[in-house]
>>> print(open('upload-v4.cif').read())   # mmCIF, N, CA and C atoms
data_final
#
loop_
_atom_site.label_atom_id
_atom_site.label_comp_id
_atom_site.auth_asym_id
_atom_site.auth_seq_id
_atom_site.Cartn_x
_atom_site.Cartn_y
_atom_site.Cartn_z
N MET A 1 75.36 -48.45 66.52
CA MET A 1 74.33 -47.45 66.33
C MET A 1 74.69 -46.15 67.05
N GLU A 2 75.31 -46.27 68.22
CA GLU A 2 75.69 -45.06 68.96
C GLU A 2 76.62 -44.19 68.12
N GLN A 3 77.59 -44.81 67.47
CA GLN A 3 78.53 -44.05 66.64
C GLN A 3 77.81 -43.36 65.49
N GLU A 4 76.85 -44.05 64.87
CA GLU A 4 76.08 -43.45 63.78
C GLU A 4 75.33 -42.22 64.28
N LEU A 5 74.73 -42.32 65.46
CA LEU A 5 73.99 -41.19 66.01
C LEU A 5 74.94 -40.03 66.31
N LEU A 6 76.10 -40.33 66.87
CA LEU A 6 77.06 -39.28 67.18
C LEU A 6 77.57 -38.59 65.91
N GLU A 7 77.81 -39.37 64.86
CA GLU A 7 78.24 -38.79 63.59
C GLU A 7 77.15 -37.91 63.00
N MET A 8 75.89 -38.38 63.07
CA MET A 8 74.77 -37.60 62.57
C MET A 8 74.65 -36.30 63.35
N LEU A 9 74.80 -36.35 64.67
CA LEU A 9 74.72 -35.14 65.48
C LEU A 9 75.82 -34.15 65.13
N GLN A 10 77.01 -34.66 64.86
CA GLN A 10 78.11 -33.77 64.50
C GLN A 10 77.82 -33.11 63.15
N GLU A 11 77.30 -33.87 62.20
CA GLU A 11 76.96 -33.30 60.89
C GLU A 11 75.82 -32.29 61.02
N THR A 12 74.83 -32.62 61.84
CA THR A 12 73.62 -31.80 61.95
C THR A 12 73.83 -30.55 62.79
N THR A 13 74.51 -30.71 63.93
CA THR A 13 74.64 -29.60 64.87
C THR A 13 76.02 -28.95 64.86
N GLY A 14 77.00 -29.65 64.30
CA GLY A 14 78.37 -29.15 64.31
C GLY A 14 79.08 -29.39 65.63
N LYS A 15 78.44 -30.15 66.52
CA LYS A 15 79.01 -30.42 67.84
C LYS A 15 79.50 -31.85 67.93
N ASP A 16 80.67 -32.04 68.54
CA ASP A 16 81.22 -33.37 68.76
C ASP A 16 81.00 -33.72 70.23
N PHE A 17 80.01 -34.55 70.49
CA PHE A 17 79.63 -34.86 71.86
C PHE A 17 80.52 -35.91 72.52
N GLY A 18 81.10 -36.80 71.75
CA GLY A 18 81.98 -37.81 72.32
C GLY A 18 81.26 -39.03 72.86
N SER A 19 80.04 -38.83 73.35
CA SER A 19 79.24 -39.97 73.83
C SER A 19 77.77 -39.61 73.72
N LEU A 20 76.96 -40.64 73.66
CA LEU A 20 75.52 -40.42 73.60
C LEU A 20 75.02 -39.79 74.89
N GLU A 21 75.62 -40.16 76.01
CA GLU A 21 75.24 -39.58 77.29
C GLU A 21 75.44 -38.06 77.28
N ALA A 22 76.54 -37.62 76.70
CA ALA A 22 76.81 -36.18 76.60
C ALA A 22 75.77 -35.49 75.71
N ALA A 23 75.40 -36.13 74.61
CA ALA A 23 74.38 -35.57 73.72
C ALA A 23 73.03 -35.47 74.42
N LEU A 24 72.74 -36.46 75.25
CA LEU A 24 71.46 -36.48 75.96
C LEU A 24 71.39 -35.43 77.07
N GLU A 25 72.50 -34.83 77.41
CA GLU A 25 72.48 -33.72 78.36
C GLU A 25 71.97 -32.45 77.69
N GLU A 26 72.13 -32.37 76.37
CA GLU A 26 71.70 -31.18 75.63
C GLU A 26 70.39 -31.39 74.87
N TYR A 27 70.17 -32.60 74.39
CA TYR A 27 68.97 -32.91 73.61
C TYR A 27 68.24 -34.09 74.25
N THR A 28 66.92 -34.12 74.08
CA THR A 28 66.15 -35.27 74.55
C THR A 28 66.33 -36.42 73.55
N GLY A 29 66.03 -37.60 73.99
CA GLY A 29 66.07 -38.75 73.10
C GLY A 29 65.13 -38.56 71.92
N ARG A 30 63.99 -37.97 72.18
CA ARG A 30 63.00 -37.69 71.13
C ARG A 30 63.58 -36.73 70.09
N GLU A 31 64.29 -35.71 70.54
CA GLU A 31 64.90 -34.76 69.61
C GLU A 31 65.98 -35.43 68.77
N ILE A 32 66.81 -36.23 69.40
CA ILE A 32 67.87 -36.93 68.66
C ILE A 32 67.26 -37.90 67.66
N PHE A 33 66.24 -38.64 68.08
CA PHE A 33 65.57 -39.57 67.18
C PHE A 33 64.98 -38.83 65.99
N GLY A 34 64.35 -37.68 66.24
CA GLY A 34 63.79 -36.87 65.17
C GLY A 34 64.85 -36.38 64.19
N MET A 35 66.00 -35.94 64.72
CA MET A 35 67.10 -35.50 63.84
C MET A 35 67.61 -36.66 63.00
N TRP A 36 67.72 -37.84 63.63
CA TRP A 36 68.20 -39.01 62.91
C TRP A 36 67.23 -39.39 61.79
N LEU A 37 65.92 -39.40 62.09
CA LEU A 37 64.94 -39.72 61.06
C LEU A 37 65.01 -38.74 59.90
N GLU A 38 65.09 -37.44 60.22
CA GLU A 38 65.18 -36.44 59.16
C GLU A 38 66.45 -36.62 58.34
N ASN A 39 67.54 -36.95 59.01
CA ASN A 39 68.80 -37.20 58.31
C ASN A 39 68.67 -38.39 57.36
N GLU A 40 67.83 -39.34 57.72
CA GLU A 40 67.59 -40.52 56.89
C GLU A 40 66.52 -40.27 55.83
N GLY A 41 65.97 -39.06 55.80
CA GLY A 41 64.99 -38.70 54.79
C GLY A 41 63.55 -38.94 55.19
N MET A 42 63.30 -39.23 56.47
CA MET A 42 61.94 -39.48 56.95
C MET A 42 61.47 -38.27 57.75
N ILE A 43 61.05 -37.26 57.06
CA ILE A 43 60.66 -36.00 57.69
C ILE A 43 59.20 -36.06 58.10
N GLY A 44 58.94 -35.70 59.35
CA GLY A 44 57.56 -35.64 59.84
C GLY A 44 57.02 -36.92 60.43
N TYR A 45 57.86 -37.93 60.63
CA TYR A 45 57.38 -39.23 61.11
C TYR A 45 57.72 -39.53 62.57
N THR A 46 58.45 -38.65 63.23
CA THR A 46 58.92 -38.95 64.58
C THR A 46 57.79 -39.32 65.53
N GLU A 47 56.80 -38.47 65.65
CA GLU A 47 55.71 -38.72 66.60
C GLU A 47 54.92 -39.96 66.24
N THR A 48 54.65 -40.16 64.96
CA THR A 48 53.90 -41.33 64.52
C THR A 48 54.63 -42.61 64.87
N ILE A 49 55.92 -42.65 64.60
CA ILE A 49 56.72 -43.85 64.90
C ILE A 49 56.79 -44.08 66.41
N LEU A 50 57.05 -43.03 67.17
CA LEU A 50 57.12 -43.20 68.63
C LEU A 50 55.78 -43.62 69.23
N ASP A 51 54.68 -43.09 68.70
CA ASP A 51 53.36 -43.50 69.17
C ASP A 51 53.12 -44.99 68.87
N ALA A 52 53.50 -45.44 67.68
CA ALA A 52 53.33 -46.84 67.31
C ALA A 52 54.17 -47.74 68.20
N VAL A 53 55.40 -47.34 68.45
CA VAL A 53 56.28 -48.14 69.33
C VAL A 53 55.70 -48.23 70.73
N LYS A 54 55.18 -47.11 71.22
CA LYS A 54 54.58 -47.08 72.55
C LYS A 54 53.38 -48.04 72.63
N LEU A 55 52.55 -48.06 71.60
CA LEU A 55 51.39 -48.95 71.58
C LEU A 55 51.80 -50.41 71.52
N LEU A 56 52.87 -50.68 70.79
CA LEU A 56 53.31 -52.06 70.60
C LEU A 56 54.17 -52.59 71.75
N ASN A 57 54.68 -51.69 72.57
CA ASN A 57 55.53 -52.08 73.71
C ASN A 57 55.01 -51.40 74.98
N PRO A 58 53.86 -51.85 75.47
CA PRO A 58 53.28 -51.19 76.65
C PRO A 58 54.13 -51.35 77.91
#
>>> encode(input="upload-v4.cif", output="structure tokens")
Amino acid sequence: MEQELLEMLQETTGKDFGSLEAALEEYTGREIFGMWLENEGMIGYTETILDAVKLLNP
């Protein structure tokens, strides 16, 4: 999954981070998750999904 996220970030931002840790220095996990969802065609669902996960995993 890390490689998929890094590839998506390179396609989306044009930046090659090399590691997820490096990407997280520039973007929050929430931002990366949102970019990944949009890349997968799920636009506008980031907050809803994260809220549901938070409720289900207290």
>>> residues_around(input="upload-v4.cif", residues="A:Thr12", least_positions_apart="4", cutoff="9 Å", atoms="only C-alpha atoms", output="count of residues only")
4
>>> resolve_selection(input="upload-v4.cif", expression="the PyMOL selection byres (((chain A and resi 46 and name CA) around 8) and name CA)", output="ChimeraX atom specification")
/A:30,33-34,37,43-45,47-50
>>> select_by_dssp(input="upload-v4.cif", residues="chain A", states="helix (DSSP H, G or I)", output="number ranges by chain")
A: 2-13, 20-26, 29-39, 46-56
>>> atom_distance(input="upload-v4.cif", atom1="atom N of A:Glu2", atom2="atom C of A:Ile32")
11.6 Å
>>> atom_distance(input="upload-v4.cif", atom1="atom CA of A:Glu26", atom2="atom CA of A:Pro58")
27.2 Å
>>> resolve_selection(input="upload-v4.cif", expression="the PyMOL selection byres (((chain A and resi 23 and name CA) around 12) and name CA)", output="list of chain:residue names")
A:Glu2, A:Gln3, A:Leu5, A:Leu6, A:Glu7, A:Met8, A:Leu9, A:Gln10, A:Thr13, A:Lys15, A:Asp16, A:Phe17, A:Gly18, A:Ser19, A:Leu20, A:Glu21, A:Ala22, A:Leu24, A:Glu25, A:Glu26, A:Tyr27, A:Thr28, A:Gly29, A:Arg30, A:Glu31, A:Ile32, A:Phe33
>>> atom_distance(input="upload-v4.cif", atom1="atom N of A:Gly14", atom2="atom CA of A:Ala52")
29.4 Å
>>> axis_aligned_box(input="upload-v4.cif", around="stretch 4-15 of chain A", padding_each_side="6 Å", output="AutoDock Vina command-line options")
--center_x 76.6 --center_y -36.5 --center_z 64.4 --size_x 17.9 --size_y 27.1 --size_z 19.0
>>> decode(input="upload-v4.cif", residues="stretch 29-51 of chain A", atoms="N, CA, C and O atoms", output="CSV table (one decimal), in the first residue's frame")
chain,number,residue,atom,x,y,z
A,29,GLY,N,-1.5,13.2,7.0
A,29,GLY,CA,-2.1,11.9,6.6
A,29,GLY,C,-3.5,12.1,6.0
A,29,GLY,O,-3.9,11.4,5.1
A,30,ARG,N,-4.2,13.0,6.6
A,30,ARG,CA,-5.5,13.4,6.1
A,30,ARG,C,-5.5,13.9,4.7
A,30,ARG,O,-6.3,13.5,3.8
A,31,GLU,N,-4.5,14.7,4.4
A,31,GLU,CA,-4.4,15.3,3.0
A,31,GLU,C,-4.0,14.1,2.0
A,31,GLU,O,-4.6,14.1,0.9
A,32,ILE,N,-3.1,13.3,2.4
A,32,ILE,CA,-2.7,12.2,1.5
A,32,ILE,C,-3.9,11.2,1.3
A,32,ILE,O,-4.1,10.8,0.2
A,33,PHE,N,-4.6,10.9,2.4
A,33,PHE,CA,-5.8,10.1,2.3
A,33,PHE,C,-6.8,10.7,1.3
A,33,PHE,O,-7.3,10.0,0.5
A,34,GLY,N,-7.0,12.0,1.5
A,34,GLY,CA,-7.9,12.7,0.6
A,34,GLY,C,-7.5,12.6,-0.9
A,34,GLY,O,-8.3,12.4,-1.8
A,35,MET,N,-6.2,12.8,-1.1
A,35,MET,CA,-5.7,12.8,-2.5
A,35,MET,C,-5.9,11.3,-3.1
A,35,MET,O,-6.2,11.2,-4.2
A,36,TRP,N,-5.6,10.3,-2.2
A,36,TRP,CA,-5.8,9.0,-2.7
A,36,TRP,C,-7.2,8.7,-3.0
A,36,TRP,O,-7.5,8.1,-4.1
A,37,LEU,N,-8.1,9.1,-2.1
A,37,LEU,CA,-9.6,8.9,-2.4
A,37,LEU,C,-10.0,9.5,-3.7
A,37,LEU,O,-10.7,8.9,-4.5
A,38,GLU,N,-9.6,10.8,-3.9
A,38,GLU,CA,-9.9,11.5,-5.2
A,38,GLU,C,-9.3,10.8,-6.4
A,38,GLU,O,-10.0,10.7,-7.4
A,39,ASN,N,-8.1,10.3,-6.2
A,39,ASN,CA,-7.5,9.5,-7.3
A,39,ASN,C,-8.2,8.3,-7.6
A,39,ASN,O,-8.3,7.8,-8.8
A,40,GLU,N,-8.9,7.7,-6.6
A,40,GLU,CA,-9.7,6.5,-6.8
A,40,GLU,C,-11.1,6.8,-7.3
A,40,GLU,O,-11.9,5.9,-7.5
A,41,GLY,N,-11.4,8.1,-7.4
A,41,GLY,CA,-12.7,8.5,-7.9
A,41,GLY,C,-13.7,8.8,-6.8
A,41,GLY,O,-14.9,9.0,-7.1
A,42,MET,N,-13.3,8.8,-5.6
A,42,MET,CA,-14.2,9.1,-4.5
A,42,MET,C,-14.0,10.5,-4.0
A,42,MET,O,-13.3,10.8,-3.0
A,43,ILE,N,-14.6,11.5,-4.7
A,43,ILE,CA,-14.4,12.9,-4.4
A,43,ILE,C,-15.4,13.3,-3.3
A,43,ILE,O,-16.6,13.1,-3.4
A,44,GLY,N,-14.9,14.0,-2.3
A,44,GLY,CA,-15.8,14.5,-1.3
A,44,GLY,C,-16.1,13.6,-0.1
A,44,GLY,O,-17.0,13.9,0.7
A,45,TYR,N,-15.5,12.5,0.0
A,45,TYR,CA,-15.8,11.5,1.0
A,45,TYR,C,-14.8,11.4,2.1
A,45,TYR,O,-15.0,10.7,3.1
A,46,THR,N,-13.7,12.2,2.1
A,46,THR,CA,-12.6,12.0,3.1
A,46,THR,C,-13.1,12.2,4.5
A,46,THR,O,-12.9,11.3,5.3
A,47,GLU,N,-13.7,13.3,4.8
A,47,GLU,CA,-14.2,13.6,6.1
A,47,GLU,C,-15.2,12.6,6.6
A,47,GLU,O,-15.1,12.1,7.8
A,48,THR,N,-16.1,12.2,5.8
A,48,THR,CA,-17.2,11.2,6.1
A,48,THR,C,-16.5,9.9,6.5
A,48,THR,O,-16.9,9.3,7.5
A,49,ILE,N,-15.6,9.4,5.7
A,49,ILE,CA,-15.0,8.1,5.9
A,49,ILE,C,-14.1,8.2,7.2
A,49,ILE,O,-14.2,7.3,8.1
A,50,LEU,N,-13.4,9.3,7.4
A,50,LEU,CA,-12.5,9.4,8.6
A,50,LEU,C,-13.4,9.5,9.9
A,50,LEU,O,-13.1,8.9,10.9
A,51,ASP,N,-14.5,10.2,9.8
A,51,ASP,CA,-15.4,10.3,10.9
A,51,ASP,C,-16.0,8.9,11.3
A,51,ASP,O,-16.1,8.5,12.4
